[in-house]
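> Take a look at this one; I'll ask things after.
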Amino acid sequence: MKISVIGLGYVGLPLACAIARTNKYEVVGFDLNESKVNSIKNKICPIDDVQCEKDLQELSFEVSTDMSILQNCDVFIVCVPTPVLDDYMPDLTPVKSATEIVAKFIRKGDSIIIESTINPGVCDEIVAPLLEELTGMKAGTDFDVAHCPERINPGDPKWNVYNIPRNIGSTSPEATAKLAELYRSVINATINEMPDLKTAEATKIIENTFRDINIAFVNELAKSFDVLGIDLKKVIEGASNKPFAFMPHFPSCGVGGHCIPVDPYYLIERAKQSGFDHKFLKLAREINNSMPAYTIELLGDALNTYKKTINGTKIGLLGMSYKANVGDLRESPAIELKAILLEKGAELEVFDPYFPEYSTVASLEELLQKVDAIVLATDHNEFKQISGGMLKSNNVQVVIDGKNCLDRDGIKSAGVHYKGIGIK
Ligand code: SAJ
């Protein structure tokens, strides 16, 4: 069986490696990005994925930007991005263009599997009709459409494509069973057969929406406990020792990434088209989107105690990435933090070890020497070493810890003003 993976990013590349590792299939990879394809050809892993770096050394399979590589494929697995537009509508352009490419090569008896995160209905209402229109064939009869939502967690040292359980739904139970077997031959984890495409699409969306609303819950608690003078970090720690029916989430300066702040909009928009208004999901998004501004409010309040304003003060922004120890700017709250600080007249320095191109200094030490206050936006390991002594000796007066990850007690005992999100 010849299998193609279309889109060789943090989802597609590990999957192509996993399929190649079985030695059971001919696997080819297709991507539009020349430099990414060349890196892979030279066994240089273009993504932050420890397992994938290893795989690329040990395995070899054909990758190309030339779509003729898709000739005679039996299965086409689409792993392209599904970003969100400025109006928070899902941008399905990459999925549609990948589908148009598959339409050139898909034959009777073949299957297309979408792994990209999509709102419920996209396979039935967009992918299948588009393929039928372009090929003259009938979905479910001449070819199968399936959805097996990706669950890759970028930078995760434990969970990877080989061991993460998966859900799959298709145009028929028989097709679902057939393609589930394919995944079982590649992945050493439960492959759950779902009743249909919409169920599989909805499953991924609610997994990430669950996370977004729970983060919004603790973010609203942070604002409330800041006025109540209650230490939210201790409260969450306390609640976390309940052995059942509690799952901790943590307040922060905002929710970034290509999944959590994006996926809820897919459901919100799709349900709205059918006349249902997801008030709760929208409110959660509003709360999480309000956190960068709230973080800067905390900075303004802290500077006030030194009779200072943001305007004209030297302020250091630590971190641009949305997530610790990876370099990924997508929907990062740090982007908004930076914009607000500049708009308020801060004399801004920025440092993120993963983004020298966005950094105004070459090191954490250099930043600390230059600023009177810092806002931590990303909990990179490198920033966790910041001590009260380092801050004091550099005359840093204020620390706003946007990820509640610094040594609060040590910083306070050094006489530096510390404020976290929901904690003093
Ligand atoms: N965040 C909080 N508080 C929390 C957890 C996260 O503010 O309690 C923020 C993070 O700082 C980040 C954003 O939310 O800005 C997203 O964080 P994330 O840990 O959810 O990281 P992602 O975006 O890489 O999410 C992925 C997702 N994986 C897939 O979609 C396949 C998500 O489903 C996982 O739950 C998540 O990784 C994970 O568990 O780390």
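Quick note on naming: the chains in the structure tokens go A, B, ... in the order shown, residues restart at 1 in each chain, and ligands are numbered from 1 in order of appearance.
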Near segment 52-69 of chain A, counting only C-alpha atoms, which residues have an atom at most 8 Å away, once you skip same-chain residues fewer than 2 positions from it, shown as a list in words?
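The filter keeps Leu13, Pro14, Cys17, Ala18, Ala20, Arg21, Val27, Val28, Gly29, Phe30, Asp31, Leu32, Asn33, Glu34, Val37, Ile40, Lys41, Lys43, Ile44, Cys45, Asp49, Val50, Gln71 and Ile101 of chain A.
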> List as a tab-separated table every residue of chain A that is in contact with ligand 1, defined as an atom at most 6 Å from one of its atoms (using only C-alpha atoms and all ligand atoms), together with the nearest atom pair and the distance in Å rounded to one decimal, sorted by chain and then rising number.

residue	atom	partner	partner_atom_place_in_ligand_line	distance
A:Glu150	CA	ligand 1	31 (C)	5.7
A:Arg151	CA	ligand 1	31 (C)	3.0
A:Ile152	CA	ligand 1	31 (C)	4.3
A:Asn153	CA	ligand 1	37 (O)	4.3
A:Pro154	CA	ligand 1	24 (O)	5.3
A:Asn208	CA	ligand 1	33 (O)	5.0
A:Ile215	CA	ligand 1	3 (N)	5.1
A:His249	CA	ligand 1	8 (O)	3.5
A:Phe250	CA	ligand 1	8 (O)	3.7
A:Pro251	CA	ligand 1	7 (O)	5.3
A:Ser252	CA	ligand 1	7 (O)	4.6
A:Gly254	CA	ligand 1	7 (O)	5.6
A:Val255	CA	ligand 1	15 (O)	3.9
A:Gly256	CA	ligand 1	15 (O)	3.7
A:Gly257	CA	ligand 1	23 (O)	4.2
A:His258	CA	ligand 1	23 (O)	5.8
A:Cys259	CA	ligand 1	23 (O)	5.0
A:Ile260	CA	ligand 1	23 (O)	5.4
A:Tyr322	CA	ligand 1	15 (O)	4.5
A:Lys323	CA	ligand 1	12 (C)	5.2
> For Ile268 of chain A, please output as a list of chain:residue names all residues within 8 Å (counting only C-alpha atoms; exclusion window: fewer than 5 positions along the same chain).
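So, after excluding close chain neighbours, the residues are A:Asp277, A:His278, A:Leu281, A:Lys282.
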> Kindly save the residues from that selection, with C-alpha atoms included, as a PDB file, in the first residue's frame.

ATOM      1  CA  ASP A 277     -25.166  30.658  20.337  1.00  0.00           C
ATOM      2  CA  HIS A 278     -22.310  29.286  22.462  1.00  0.00           C
ATOM      3  CA  LEU A 281     -17.536  29.310  25.118  1.00  0.00           C
ATOM      4  CA  LYS A 282     -17.508  32.900  23.871  1.00  0.00           C
TER       5      LYS A 282
END
> What is the distance between atom CA of Tyr162 of chain A and atom CA of Asn214 of chain A, in Å to one decimal?
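Those two atoms sit 27.8 Å apart.
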> At what distance in Å, to one decimal, does atom CA of Lys233 of chain A lie from atom CA of Lys338 of chain A?
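Separation between atom CA of Lys338 of chain A and atom CA of Lys233 of chain A: 25.5 Å.
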> I'd like the neighbourhood of Asn325 of chain A as a PyMOL selection string, where a residue qualifies if any of its atoms comes within 10 Å (using only C-alpha atoms), though same-chain residues fewer than 6 positions away should be ignored.
chain A and resi 48+155+319+352-354+378-382
> Report the residues of segment 177-263 of chain A whose backbone DSSP state falls under alpha helix (DSSP H), written as a PyMOL selection string.
chain A and resi 177-186+197-228+232-240+263
> Which distance in Å separates atom CA of Ala414 of chain A and atom CA of Ile386 of chain A, to one decimal?
11.9 Å
